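Colleague: Here you go, this is structure_31.txt (compact mmCIF, C-alpha atoms).
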# COMPACT_ATOMS: atom_id res chain seq x y z
CA MET C 1 0.00 0.00 0.00
CA THR C 2 1.51 3.30 -1.09
CA THR C 3 1.63 6.06 1.54
CA PRO C 4 -0.57 8.98 0.40
CA ILE C 5 1.45 11.78 -1.16
CA GLU C 6 0.38 14.35 1.44
CA GLN C 7 1.72 12.11 4.23
CA ARG C 8 5.20 11.72 2.80
CA GLY C 9 6.59 14.99 4.11
CA TYR C 10 7.41 16.59 0.78
CA ALA C 11 8.35 20.26 0.52
CA GLN C 12 5.84 20.77 -2.31
CA PRO C 13 3.41 17.84 -2.26
CA ASP C 14 1.24 19.52 -4.89
CA ALA C 15 3.91 18.79 -7.48
CA LEU C 16 2.74 15.18 -7.45
CA VAL C 17 -0.68 13.69 -8.02
CA SER C 18 -1.75 10.11 -7.45
CA THR C 19 -3.20 7.74 -10.02
CA ASP C 20 -6.49 7.96 -8.06
CA TRP C 21 -6.45 11.74 -8.47
CA VAL C 22 -5.88 11.40 -12.19
CA GLU C 23 -8.71 8.89 -12.49
CA GLN C 24 -11.01 11.40 -10.81
CA HIS C 25 -9.92 14.22 -13.15
CA LEU C 26 -10.02 12.41 -16.48
CA LYS C 27 -12.79 14.66 -17.72
CA ASP C 28 -11.68 17.84 -15.99
CA PRO C 29 -11.22 20.49 -18.71
CA ALA C 30 -8.77 22.40 -16.53
CA ILE C 31 -6.40 19.44 -16.56
CA ARG C 32 -4.36 18.20 -19.50
CA LEU C 33 -2.64 14.84 -19.15
CA ILE C 34 0.63 14.57 -21.06
CA GLU C 35 2.42 11.30 -21.72
CA SER C 36 6.16 11.45 -22.43
CA ASN C 37 8.09 8.24 -23.01
CA GLU C 38 11.35 6.94 -24.24
CA ASP C 39 9.60 4.17 -26.17
CA THR C 40 7.93 5.85 -29.11
CA LEU C 41 5.41 3.02 -29.54
CA LEU C 42 3.97 3.17 -26.04
CA TYR C 43 1.56 6.10 -26.33
CA ALA C 44 -0.01 4.67 -29.49
CA SER C 45 -0.31 1.25 -27.85
CA GLY C 46 -2.63 2.71 -25.22
CA HIS C 47 -2.55 5.75 -22.95
CA VAL C 48 -4.51 7.24 -20.08
CA PRO C 49 -7.82 8.30 -21.65
CA GLY C 50 -7.64 11.89 -22.82
CA ALA C 51 -3.85 12.14 -22.55
CA VAL C 52 -1.88 13.85 -25.30
CA HIS C 53 1.57 12.80 -26.42
CA VAL C 54 4.61 15.05 -26.16
CA ASP C 55 7.72 13.53 -27.64
CA TRP C 56 10.97 14.58 -25.99
CA THR C 57 12.93 14.64 -29.24
CA SER C 58 10.54 15.97 -31.87
CA ASP C 59 8.42 18.25 -29.66
CA LEU C 60 10.82 19.60 -27.07
CA ASN C 61 14.20 19.70 -28.79
CA ASP C 62 15.28 22.12 -31.46
CA GLN C 63 15.69 19.98 -34.56
CA LEU C 64 18.88 21.70 -35.71
CA ARG C 65 20.88 23.00 -32.78
CA ARG C 66 21.44 21.12 -29.54
CA ASP C 67 18.96 23.15 -27.54
CA TYR C 68 15.32 23.27 -26.59
CA ILE C 69 12.53 24.74 -28.65
CA SER C 70 12.00 28.47 -29.00
CA ARG C 71 9.22 30.41 -27.33
CA GLU C 72 7.28 30.41 -30.59
CA ALA C 73 7.59 26.65 -30.94
CA PHE C 74 6.50 26.18 -27.33
CA GLU C 75 3.46 28.36 -27.95
CA ALA C 76 2.64 26.28 -31.02
CA LEU C 77 3.01 23.06 -29.02
CA MET C 78 0.73 24.34 -26.25
CA SER C 79 -1.81 25.47 -28.81
CA ARG C 80 -1.72 22.08 -30.51
CA ILE C 81 -2.43 20.21 -27.28
CA GLY C 82 -5.07 22.72 -26.25
CA VAL C 83 -3.31 24.08 -23.19
CA SER C 84 -3.82 27.63 -21.99
CA SER C 85 -1.89 29.43 -19.28
CA GLU C 86 -4.66 28.39 -16.88
CA THR C 87 -4.46 24.68 -17.68
CA THR C 88 -2.76 22.40 -15.20
CA VAL C 89 -0.60 19.92 -17.06
CA VAL C 90 0.01 16.51 -15.51
CA PHE C 91 2.95 14.54 -16.87
CA TYR C 92 3.43 10.81 -16.75
CA GLY C 93 5.39 8.27 -18.75
CA ASP C 94 7.53 5.17 -18.90
CA LYS C 95 10.70 4.41 -16.99
CA ASN C 96 9.34 5.64 -13.67
CA ASN C 97 8.57 9.08 -15.09
CA TRP C 98 12.09 9.71 -16.25
CA TRP C 99 10.90 11.38 -19.49
CA ALA C 100 7.87 12.89 -17.81
CA CYS C 101 10.18 14.78 -15.45
CA TYR C 102 12.30 15.84 -18.40
CA ALA C 103 9.24 17.28 -20.16
CA PHE C 104 8.15 18.89 -16.88
CA TRP C 105 11.57 20.53 -16.62
CA VAL C 106 11.44 21.88 -20.19
CA PHE C 107 7.98 23.32 -19.48
CA GLN C 108 9.50 25.16 -16.52
CA LEU C 109 11.99 26.86 -18.82
CA PHE C 110 8.94 28.66 -20.18
CA GLY C 111 7.44 29.27 -16.75
CA HIS C 112 4.39 27.01 -17.04
CA THR C 113 4.21 26.39 -13.30
CA LYS C 114 0.76 24.81 -13.31
CA ALA C 115 2.44 21.46 -13.73
CA ARG C 116 2.41 18.19 -11.85
CA VAL C 117 3.69 14.66 -12.21
CA MET C 118 1.57 11.53 -11.79
CA ASP C 119 3.33 9.54 -9.09
CA GLY C 120 4.34 6.09 -10.31
CA GLY C 121 3.85 7.01 -13.94
CA ARG C 122 2.64 4.68 -16.61
CA ILE C 123 3.76 1.46 -14.92
CA LYS C 124 1.69 2.14 -11.78
CA TRP C 125 -1.35 3.02 -13.85
CA GLN C 126 -0.98 -0.26 -15.75
CA LYS C 127 -0.29 -2.38 -12.69
CA GLU C 128 -3.50 -1.04 -11.17
CA ASN C 129 -5.35 -2.27 -14.26
CA ARG C 130 -6.72 1.16 -15.00
CA SER C 131 -8.12 1.83 -18.42
CA LEU C 132 -5.97 2.68 -21.42
CA SER C 133 -7.21 4.12 -24.68
CA ARG C 134 -5.90 4.13 -28.23
CA ASP C 135 -8.10 7.04 -29.20
CA THR C 136 -6.05 10.11 -29.93
CA PRO C 137 -7.90 12.97 -28.26
CA SER C 138 -8.56 16.18 -30.09
CA TYR C 139 -8.70 19.48 -28.26
CA ALA C 140 -9.55 22.87 -29.63
CA ALA C 141 -6.39 24.83 -30.35
CA SER C 142 -5.64 27.28 -27.57
CA LYS C 143 -4.07 30.69 -27.63
CA TYR C 144 -0.97 30.48 -25.52
CA HIS C 145 1.37 33.31 -24.75
CA ALA C 146 4.61 31.96 -23.34
CA LYS C 147 7.14 33.92 -21.38
CA GLU C 148 10.51 34.34 -23.04
CA ARG C 149 12.51 31.27 -22.10
CA ASP C 150 14.54 31.87 -18.98
CA ASP C 151 17.05 29.11 -18.47
CA SER C 152 19.08 30.61 -15.67
CA PRO C 153 17.12 29.47 -12.59
CA ILE C 154 17.00 25.79 -13.46
CA ARG C 155 19.44 25.11 -16.29
CA ALA C 156 23.23 25.06 -16.05
CA TYR C 157 25.59 25.40 -18.99
CA ARG C 158 29.11 24.00 -19.14
CA ASP C 159 30.77 27.24 -18.00
CA ASP C 160 28.32 27.50 -15.11
CA VAL C 161 29.29 23.99 -14.07
CA LEU C 162 32.98 24.74 -14.40
CA ALA C 163 32.65 27.82 -12.17
CA HIS C 164 30.45 25.91 -9.73
CA MET C 165 32.96 23.06 -9.57
CA LYS C 166 35.85 25.48 -8.95
CA LYS C 167 34.11 26.91 -5.90
CA GLN C 168 33.41 23.34 -4.75
CA GLY C 169 29.67 23.64 -5.22
CA GLN C 170 27.37 20.67 -4.83
CA LEU C 171 27.19 18.39 -7.86
CA VAL C 172 25.12 15.24 -8.16
CA ASP C 173 26.02 12.64 -10.77
CA VAL C 174 22.87 10.58 -11.27
CA ARG C 175 24.29 8.06 -13.75
CA SER C 176 25.02 4.44 -12.95
CA PRO C 177 27.98 3.68 -10.67
CA GLU C 178 29.88 2.28 -13.68
CA GLU C 179 29.48 5.51 -15.60
CA TYR C 180 30.49 7.53 -12.53
CA THR C 181 33.73 5.61 -12.11
CA GLY C 182 34.49 5.75 -15.82
CA GLU C 183 34.31 1.98 -16.16
CA ARG C 184 31.78 2.56 -18.94
CA MET C 185 30.68 5.63 -20.88
CA HIS C 186 27.04 4.74 -21.36
CA MET C 187 24.19 3.28 -19.39
CA PRO C 188 24.08 -0.48 -18.96
CA ASP C 189 22.23 -1.92 -22.00
CA TYR C 190 22.43 1.37 -23.90
CA PRO C 191 24.66 2.22 -26.84
CA ASN C 192 27.80 4.26 -26.37
CA GLU C 193 26.96 7.71 -27.62
CA GLY C 194 30.47 8.78 -28.12
CA ALA C 195 31.93 10.38 -25.02
CA LEU C 196 35.68 10.41 -25.43
CA ARG C 197 36.47 10.29 -21.73
CA GLY C 198 34.91 8.46 -18.83
CA GLY C 199 34.63 9.47 -15.19
CA HIS C 200 32.80 12.26 -13.41
CA ILE C 201 33.00 15.98 -12.74
CA PRO C 202 35.41 16.50 -9.82
CA GLY C 203 33.59 16.68 -6.52
CA ALA C 204 30.32 15.21 -7.81
CA LYS C 205 28.47 12.86 -5.50
CA SER C 206 27.13 9.66 -7.03
CA VAL C 207 23.41 9.11 -6.48
CA PRO C 208 21.90 7.09 -9.34
CA TRP C 209 18.54 8.62 -10.20
CA ALA C 210 16.46 5.48 -9.69
CA ARG C 211 17.32 5.34 -6.01
CA ALA C 212 14.65 8.01 -5.51
CA ILE C 213 12.00 5.52 -6.61
CA ASN C 214 10.21 2.63 -4.95
CA PRO C 215 10.97 -0.11 -7.48
CA GLU C 216 7.77 -2.07 -6.88
CA ASP C 217 5.39 0.65 -8.08
CA GLY C 218 7.55 3.47 -9.46
CA THR C 219 6.41 6.00 -6.85
CA PHE C 220 8.80 8.48 -5.27
CA LYS C 221 10.25 7.58 -1.89
CA SER C 222 9.16 9.61 1.13
CA ALA C 223 10.91 12.84 2.06
CA ALA C 224 12.59 11.09 4.99
CA GLU C 225 13.97 8.38 2.70
CA LEU C 226 15.08 10.91 0.10
CA SER C 227 16.70 13.01 2.79
CA GLN C 228 18.59 9.97 4.01
CA LEU C 229 19.78 9.33 0.47
CA TYR C 230 20.84 12.83 -0.54
CA CYS C 231 21.37 14.81 2.65
CA GLU C 232 22.59 12.33 5.22
CA THR C 233 24.51 9.78 3.15
CA GLN C 234 25.89 12.24 0.59
CA LYS C 235 25.98 15.33 2.83
CA LEU C 236 24.14 17.54 0.34
CA SER C 237 22.59 20.63 1.88
CA PRO C 238 19.17 21.87 0.67
CA ARG C 239 20.38 25.44 1.20
CA GLU C 240 23.41 25.15 -1.08
CA GLU C 241 23.30 25.60 -4.85
CA THR C 242 23.20 22.22 -6.51
CA ILE C 243 23.69 21.01 -10.07
CA ALA C 244 22.56 17.58 -11.25
CA TYR C 245 23.79 15.91 -14.41
CA CYS C 246 23.72 12.60 -16.24
CA ARG C 247 24.32 11.87 -19.93
CA ILE C 248 22.04 14.31 -21.76
CA GLY C 249 20.03 15.76 -18.88
CA GLU C 250 17.08 13.38 -18.87
CA ARG C 251 17.82 11.24 -15.83
CA SER C 252 19.03 14.33 -14.00
CA SER C 253 15.66 16.03 -14.65
CA HIS C 254 14.17 13.31 -12.48
CA THR C 255 16.67 14.02 -9.69
CA TRP C 256 16.18 17.78 -10.19
CA PHE C 257 12.46 17.25 -9.61
CA ALA C 258 13.04 15.19 -6.47
CA LEU C 259 15.51 17.67 -4.99
CA LYS C 260 13.54 20.81 -5.81
CA TYR C 261 9.94 19.80 -5.21
CA LEU C 262 10.12 16.86 -2.85
CA LEU C 263 13.09 17.84 -0.68
CA GLY C 264 12.83 21.62 -1.10
CA PHE C 265 16.38 22.30 -2.28
CA GLU C 266 16.48 26.05 -2.74
CA LYS C 267 18.45 26.30 -5.96
CA VAL C 268 18.87 23.26 -8.14
CA ARG C 269 19.86 23.35 -11.77
CA ASN C 270 19.98 20.63 -14.37
CA TYR C 271 23.10 20.45 -16.54
CA ASP C 272 21.60 19.04 -19.72
CA GLY C 273 24.89 19.15 -21.62
CA SER C 274 25.87 16.52 -19.09
CA TRP C 275 28.41 13.83 -19.86
CA THR C 276 27.96 13.91 -23.63
CA GLU C 277 29.30 17.47 -23.45
CA TRP C 278 31.67 17.28 -20.48
CA GLY C 279 33.22 13.96 -21.52
CA ASN C 280 33.99 15.41 -24.95
CA SER C 281 35.12 18.89 -23.92
CA VAL C 282 38.76 19.77 -24.32
CA GLY C 283 40.59 20.60 -21.14
CA VAL C 284 37.86 20.25 -18.53
CA PRO C 285 38.87 18.39 -15.38
CA ILE C 286 37.64 14.83 -14.87
CA GLU C 287 37.89 12.58 -11.87
CA LYS C 288 37.70 8.79 -11.82
CA MET E 289 18.84 -12.42 -48.10
CA ALA E 290 16.72 -13.25 -45.10
CA PRO E 291 14.45 -16.34 -45.13
CA PRO E 292 11.57 -15.69 -47.57
CA LYS E 293 8.78 -14.68 -45.18
CA LEU E 294 11.06 -12.36 -43.23
CA GLN E 295 12.46 -10.92 -46.46
CA ALA E 296 8.92 -10.17 -47.65
CA LEU E 297 8.11 -8.48 -44.36
CA LEU E 298 11.27 -6.36 -44.49
CA GLU E 299 10.42 -5.25 -48.01
CA MET E 300 6.89 -4.39 -46.90
CA PHE E 301 8.24 -2.26 -44.04
CA ASP E 302 10.59 -0.53 -46.49
CA MET E 303 7.53 0.67 -48.37
CA PHE E 304 6.29 2.59 -45.31
CA PRO E 305 8.83 5.23 -44.32
CA ASP E 306 6.22 7.32 -42.50
CA VAL E 307 6.48 7.04 -38.73
CA ALA E 308 2.71 6.88 -38.18
CA ASP E 309 2.34 4.02 -40.67
CA ARG E 310 5.15 2.09 -39.05
CA THR E 311 3.77 2.68 -35.59
CA SER E 312 0.44 1.31 -36.71
CA MET E 313 2.05 -1.75 -38.32
CA LEU E 314 4.21 -2.46 -35.29
CA LEU E 315 1.25 -2.17 -32.95
CA SER E 316 -0.67 -4.55 -35.15
CA TYR E 317 2.09 -7.11 -34.71
CA ALA E 318 2.28 -6.43 -30.97
CA ASP E 319 -1.44 -7.19 -30.76
CA GLN E 320 -0.82 -10.55 -32.42
CA PHE E 321 1.80 -11.55 -29.85
CA ARG E 322 1.07 -14.90 -28.23
CA GLU E 323 2.93 -15.95 -25.13
CA VAL E 324 4.83 -19.22 -24.89
CA PRO E 325 2.34 -22.06 -24.24
CA VAL E 326 2.48 -23.89 -20.93
CA ASP E 327 3.51 -27.14 -22.59
CA VAL E 328 6.76 -25.41 -23.61
CA ALA E 329 7.51 -23.33 -20.50
CA THR E 330 5.87 -22.14 -17.29
CA ARG E 331 6.71 -19.42 -14.81
CA PRO E 332 9.14 -18.84 -13.30
CA PHE E 333 10.91 -18.99 -16.64
CA SER E 334 14.44 -20.28 -16.64
CA ALA E 335 17.13 -17.60 -16.79
CA ARG E 336 18.73 -19.69 -19.57
CA HIS E 337 15.98 -18.46 -21.86
CA GLN E 338 16.12 -14.81 -20.83
CA VAL E 339 17.22 -12.31 -23.46
CA PRO E 340 20.25 -10.41 -22.17
CA GLN E 341 20.12 -6.58 -22.12
CA CYS E 342 16.36 -6.57 -22.76
CA GLU E 343 14.59 -4.20 -20.40
CA SER E 344 11.25 -5.70 -21.42
CA ASP E 345 12.26 -8.88 -19.63
CA ALA E 346 11.86 -11.07 -22.71
CA TYR E 347 12.42 -14.83 -22.96
CA VAL E 348 12.85 -16.98 -26.04
CA TRP E 349 12.59 -20.71 -26.72
CA GLY E 350 13.28 -22.75 -29.84
CA VAL E 351 11.76 -26.20 -30.33
CA LYS E 352 13.27 -28.22 -33.14
CA ALA E 353 11.04 -30.47 -35.23
CA PRO E 354 12.23 -33.78 -36.78
CA ASP E 355 12.59 -32.02 -40.14
CA ASN E 356 15.15 -29.63 -38.54
CA THR E 357 12.80 -26.67 -38.64
CA LEU E 358 12.51 -24.51 -35.56
CA GLN E 359 9.39 -23.30 -33.77
CA LEU E 360 10.02 -20.09 -31.82
CA TYR E 361 8.21 -19.07 -28.64
CA PHE E 362 8.49 -15.89 -26.61
CA ALA E 363 7.43 -14.32 -23.33
CA VAL E 364 7.60 -10.60 -22.52
CA GLU E 365 7.14 -9.91 -18.83
CA ASN E 366 7.21 -6.10 -18.82
CA PRO E 367 3.68 -4.78 -19.46
CA SER E 368 5.26 -1.84 -21.31
CA GLY E 369 7.22 -4.14 -23.59
CA VAL E 370 5.24 -3.27 -26.71
CA SER E 371 8.26 -3.15 -29.00
CA ALA E 372 9.50 -6.50 -27.72
CA LYS E 373 6.06 -8.03 -28.31
CA ALA E 374 5.97 -6.63 -31.83
CA LEU E 375 9.38 -8.05 -32.66
CA ALA E 376 8.55 -11.39 -31.04
CA ALA E 377 5.39 -11.68 -33.14
CA ILE E 378 7.31 -10.77 -36.30
CA LEU E 379 10.03 -13.32 -35.61
CA ASP E 380 7.48 -16.00 -34.82
CA LYS E 381 5.35 -15.34 -37.88
CA THR E 382 8.24 -15.10 -40.31
CA LEU E 383 10.73 -17.62 -38.93
CA SER E 384 8.84 -20.36 -37.09
CA GLY E 385 8.76 -23.44 -39.29
CA THR E 386 11.93 -22.41 -41.12
CA PRO E 387 15.03 -24.66 -41.11
CA ALA E 388 17.27 -23.78 -38.17
CA ARG E 389 20.28 -23.23 -40.43
CA GLU E 390 18.34 -20.50 -42.29
CA ILE E 391 17.23 -18.81 -39.09
CA ALA E 392 20.86 -18.81 -37.99
CA THR E 393 21.65 -16.38 -40.82
CA VAL E 394 19.30 -13.70 -39.48
CA GLY E 395 21.29 -10.95 -37.79
CA PRO E 396 20.40 -8.02 -35.51
CA GLU E 397 20.54 -5.52 -38.38
CA ILE E 398 16.89 -6.34 -39.15
CA VAL E 399 15.88 -4.39 -36.04
CA GLU E 400 16.88 -1.05 -37.52
CA ARG E 401 15.14 -1.92 -40.77
CA ILE E 402 11.89 -2.79 -39.01
CA PHE E 403 11.76 -0.14 -36.30
CA ARG E 404 13.57 2.84 -37.84
CA GLN E 405 12.21 5.98 -36.11
CA ASN E 406 10.43 3.82 -33.56
CA ILE E 407 13.66 2.54 -32.13
CA SER E 408 14.49 4.21 -28.86
CA MET E 409 17.86 4.28 -27.19
CA GLY E 410 17.22 1.62 -24.60
CA LYS E 411 14.99 -0.52 -26.74
CA GLY E 412 17.43 -0.86 -29.60
CA MET E 413 19.99 -2.86 -27.68
CA GLY E 414 17.35 -5.14 -26.18
CA LEU E 415 15.65 -5.78 -29.51
CA MET E 416 18.92 -6.59 -31.23
CA SER E 417 19.71 -8.88 -28.34
CA MET E 418 16.39 -10.70 -28.97
CA VAL E 419 17.42 -11.40 -32.56
CA GLN E 420 20.84 -12.54 -31.40
CA ALA E 421 19.19 -14.90 -28.89
CA VAL E 422 17.09 -16.40 -31.69
CA GLN E 423 20.19 -16.68 -33.86
CA ALA E 424 22.07 -18.45 -31.06
CA LEU E 425 19.22 -20.94 -30.58
CA ALA E 426 19.14 -21.60 -34.31
CA LYS E 427 22.90 -22.09 -34.50
CA ALA E 428 22.79 -24.52 -31.60
CA ALA E 429 19.89 -26.41 -33.18
CA SER E 430 21.56 -26.65 -36.57
CA ALA E 431 24.83 -27.79 -34.98
CA ASN E 432 23.04 -30.73 -33.33
CA PRO E 433 21.08 -32.47 -36.05
What is this file in structure tokens?

Modeller:
Amino acid sequence: MTTPIEQRGYAQPDALVSTDWVEQHLKDPAIRLIESNEDTLLYASGHVPGAVHVDWTSDLNDQLRRDYISREAFEALMSRIGVSSETTVVFYGDKNNWWACYAFWVFQLFGHTKARVMDGGRIKWQKENRSLSRDTPSYAASKYHAKERDDSPIRAYRDDVLAHMKKQGQLVDVRSPEEYTGERMHMPDYPNEGALRGGHIPGAKSVPWARAINPEDGTFKSAAELSQLYCETQKLSPREETIAYCRIGERSSHTWFALKYLLGFEKVRNYDGSWTEWGNSVGVPIEK
Amino acid sequence: MAPPKLQALLEMFDMFPDVADRTSMLLSYADQFREVPVDVATRPFSARHQVPQCESDAYVWGVKAPDNTLQLYFAVENPSGVSAKALAAILDKTLSGTPAREIATVGPEIVERIFRQNISMGKGMGLMSMVQAVQALAKAASANP
């Protein structure tokens, strides 16, 4: 039995909603469910009724430069999925919400703060035998005026990380232990995407992202358990500036979410350049 | 050249470069997936039959007939393993009943040809590993007539 979200001691419990809550809001016009997955077949194979699909590569990434979409493209995306500035978006997806948190993070670059994550994601919904639909919903196009993208509060660039590292700021490496030590340069069972050097950013603490999750149902661990993991074991302080990174910033979005919303870290940024940038950059320091 | 039925399927997929068409075709195969029958294997499945590197927790069996053809069976334990189910159904429909020595020639490169844009980072390695597991079964079967 999963402990109710409001009893888990989170800093911002409203950032999460339960599968029960989603079930009760399936027809709520003020809510838009958004599924974001790694597996591109999953949404089409069946999704939470009424949910729209946002693909992390084609919808959220600039198709030419390594960057996220422009304000205009974000406005077009929001219009397409029928979201206004008053709509609360609820993300969920595969891999324990790994990509859902990534999409959530990108939405925050544009200041859409009416955003939540469905605790447990797609796997919990399925394990509870809740209904799935193959009908692609259609919503009237909305008019959405996005703020100009402001990366600085939640996104770190390579030079930010370098400066942060030099002043011995808090860094969390959320990759697998083998990637952290440099034994391998890609996730277990994933292809090597071409980092020239292995290891980690000097001073980074190793906390693989999935440790924040209860493996049996994909829900987030309680605040006390997360605090044990990040604050007590790794001596990370919620009051200190923190930067999380992984390989391209997707797994670290999940950790960013846990630190910021569940543990109340005051300033957390996600370094989306992550190891595919750092491990290929000339002259940056690396530790093994 | 792949065995005839698989070759025909690959050529059919080649005719549909559009991602929506391919998604629809792959889902159609996933819907046709049939799990290994109980007279071949029951849970808990033996780790000897588990596909390495497959996050969908897939298993594969090969049962050789007296005429040296191979019947393939699969299980996919992850409820989100839609891609694995699609590939399993494709391999079963196009290779089961084919001589083991012919199945042994089928390599993991077919995965890219079938899935194209629908191949995700994690899935790709697991799906190729499924084909390699089938290939290994076929090689073992054809080596022991």

Colleague: Could you check how far CA of Ser417 (chain E) sits from CA of His47 (chain C), in Å to one decimal?

Modeller: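 Rounded to one decimal, the two atoms are 27.2 Å apart.
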
Colleague: So that I can see what lies close to Leu315 (chain E), please list as JSON, numbers by chain the residues with an atom at most 7 Å from it, counting only C-alpha atoms and leaving out residues fewer than 3 positions away in the same chain.

Modeller: {"C": [45], "E": [311, 312, 318, 319, 374]}

Colleague: Using 12 Å as the limit and counting all atoms listed in the file, can you tabulate each residue of region 144-212 of chain C that touches region 231-242 of chain C, with its shortest atom-to-atom distance in Å and the two atoms involved, as CSV?

Modeller:
residue,atom,partner,partner_atom,distance
C:Pro153,CA,C:Glu241,CA,10.6
C:Ile154,CA,C:Thr242,CA,10.0
C:Arg155,CA,C:Thr242,CA,10.9
C:Ala156,CA,C:Thr242,CA,10.0
C:Asp160,CA,C:Thr242,CA,11.3
C:Val161,CA,C:Thr242,CA,9.9
C:His164,CA,C:Glu241,CA,8.7
C:Met165,CA,C:Thr242,CA,10.3
C:Lys167,CA,C:Glu241,CA,10.9
C:Gln168,CA,C:Glu241,CA,10.4
C:Gly169,CA,C:Glu241,CA,6.7
C:Gln170,CA,C:Thr242,CA,4.8
C:Leu171,CA,C:Thr242,CA,5.7
C:Val172,CA,C:Thr242,CA,7.4
C:Asp173,CA,C:Thr242,CA,10.9
C:Gly203,CA,C:Gln234,CA,11.4
C:Ala204,CA,C:Gln234,CA,10.0
C:Lys205,CA,C:Gln234,CA,6.6
C:Ser206,CA,C:Gln234,CA,8.1
C:Val207,CA,C:Gln234,CA,8.1
C:Pro208,CA,C:Gln234,CA,11.9

Colleague: List the spatial neighbours of Val307 (chain E) as a list in words - criterion: any atom at most 12 Å away, only C-alpha atoms, same-chain residues fewer than 4 positions off excluded.

Modeller: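 The residues that qualify are Thr40, Leu41, Ala44 and Ser58 of chain C; Phe301, Asp302, Met303, Thr311, Ser312, Met313, Leu314, Ile402, Phe403, Arg404, Gln405, Asn406 and Ile407 of chain E.
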
Colleague: With all atoms listed in the file as the atoms that count, which of C:Gly93, C:Pro177, C:Gly82, C:Pro13 lies nearest to chain E?

Modeller: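 Going through C:Gly93, C:Pro177, C:Gly82, C:Pro13 one by one, the smallest distance to chain E is for C:Gly93.
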
Colleague: Check which residues of chain E sit at most 8 Å from chain C using only C-alpha atoms, and return one row each with the closest pair of atoms and their distance in Å to one decimal, ordered by chain and rising number, as a Markdown table.

Modeller:
| residue | atom | partner | partner_atom | distance |
| --- | --- | --- | --- | --- |
| E:Thr311 | CA | C:Leu41 | CA | 6.3 |
| E:Ser312 | CA | C:Ala44 | CA | 8.0 |
| E:Leu315 | CA | C:Ser45 | CA | 6.3 |
| E:Gln341 | CA | C:Asp189 | CA | 5.1 |
| E:Cys342 | CA | C:Asp189 | CA | 7.5 |
| E:Pro367 | CA | C:Gln126 | CA | 7.5 |
| E:Ser368 | CA | C:Leu42 | CA | 7.0 |
| E:Val370 | CA | C:Leu42 | CA | 6.6 |
| E:Ser371 | CA | C:Leu41 | CA | 6.8 |
| E:Asn406 | CA | C:Thr40 | CA | 5.5 |
| E:Ile407 | CA | C:Thr40 | CA | 7.3 |
| E:Ser408 | CA | C:Asp39 | CA | 5.6 |
| E:Met409 | CA | C:Tyr190 | CA | 6.3 |
| E:Gly410 | CA | C:Tyr190 | CA | 5.3 |
| E:Lys411 | CA | C:Asp39 | CA | 7.2 |
| E:Gly412 | CA | C:Tyr190 | CA | 7.9 |
| E:Met413 | CA | C:Tyr190 | CA | 6.2 |
| E:Gly414 | CA | C:Asp189 | CA | 7.2 |

Colleague: Using all atoms listed in the file, which residues sit within 7 Å of Ser344 (chain E) once same-chain residues fewer than 4 positions away are excluded, as a list in words?

Modeller: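 Everything that qualifies: Val364, Glu365, Asn366, Gly369 and Ala372 of chain E.
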
Colleague: Smallest atom-to-atom distance to Thr88 (chain C): which of C:Arg251, C:Arg32, C:Lys288, C:Lys124, using all atoms listed in the file?

Modeller: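 Result for the nearest residue to Thr88 (chain C): C:Arg32.
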
Colleague: Provide the CA of Glu35 (chain C) to CA of Ser85 (chain C) distance in Å, to one decimal place.

Modeller: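 Straight-line distance from CA of Glu35 (chain C) to CA of Ser85 (chain C) works out to 18.8 Å.
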
Colleague: Starting from the point (21.2, 21.7, -20.3), work out which residues of protein, DNA or RNA have an atom no more than 10 Å away when counting only C-alpha atoms; state them as a list of chain:residue names.

Modeller: C:Arg66, C:Asp67, C:Tyr68, C:Val106, C:Asp151, C:Ile154, C:Arg155, C:Ala156, C:Tyr157, C:Arg158, C:Tyr245, C:Ile248, C:Gly249, C:Glu250, C:Ser252, C:Ser253, C:Arg269, C:Asn270, C:Tyr271, C:Asp272, C:Gly273, C:Ser274, C:Glu277

Colleague: Quick one: write out the picked residues with C-alpha atoms as a short mmCIF file (atom, residue, chain, number, x, y, z; two decimals), keeping the file's coordinate frame?

Modeller:
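again-v7.cif was written with the following content:
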data_model
loop_
_atom_site.label_atom_id
_atom_site.label_comp_id
_atom_site.auth_asym_id
_atom_site.auth_seq_id
_atom_site.Cartn_x
_atom_site.Cartn_y
_atom_site.Cartn_z
CA ARG C 66 21.44 21.12 -29.54
CA ASP C 67 18.96 23.15 -27.54
CA TYR C 68 15.32 23.27 -26.59
CA VAL C 106 11.44 21.88 -20.19
CA ASP C 151 17.05 29.11 -18.47
CA ILE C 154 17.00 25.79 -13.46
CA ARG C 155 19.44 25.11 -16.29
CA ALA C 156 23.23 25.06 -16.05
CA TYR C 157 25.59 25.40 -18.99
CA ARG C 158 29.11 24.00 -19.14
CA TYR C 245 23.79 15.91 -14.41
CA ILE C 248 22.04 14.31 -21.76
CA GLY C 249 20.03 15.76 -18.88
CA GLU C 250 17.08 13.38 -18.87
CA SER C 252 19.03 14.33 -14.00
CA SER C 253 15.66 16.03 -14.65
CA ARG C 269 19.86 23.35 -11.77
CA ASN C 270 19.98 20.63 -14.37
CA TYR C 271 23.10 20.45 -16.54
CA ASP C 272 21.60 19.04 -19.72
CA GLY C 273 24.89 19.15 -21.62
CA SER C 274 25.87 16.52 -19.09
CA GLU C 277 29.30 17.47 -23.45
#

Colleague: Set the distance at 12 Å and use all atoms listed in the file: which residues neighbour region 291-299 of chain E once local chain neighbours fewer than 3 positions away are removed? I'd like the list as JSON, numbers by chain.

Modeller: {"E": [302, 303, 304, 305, 310, 313, 314, 317, 375, 377, 378, 379, 380, 381, 382, 383, 384, 385, 386, 387, 388, 389, 390, 391, 392, 393, 394, 395, 397, 398, 399, 400, 401, 402, 403, 404]}
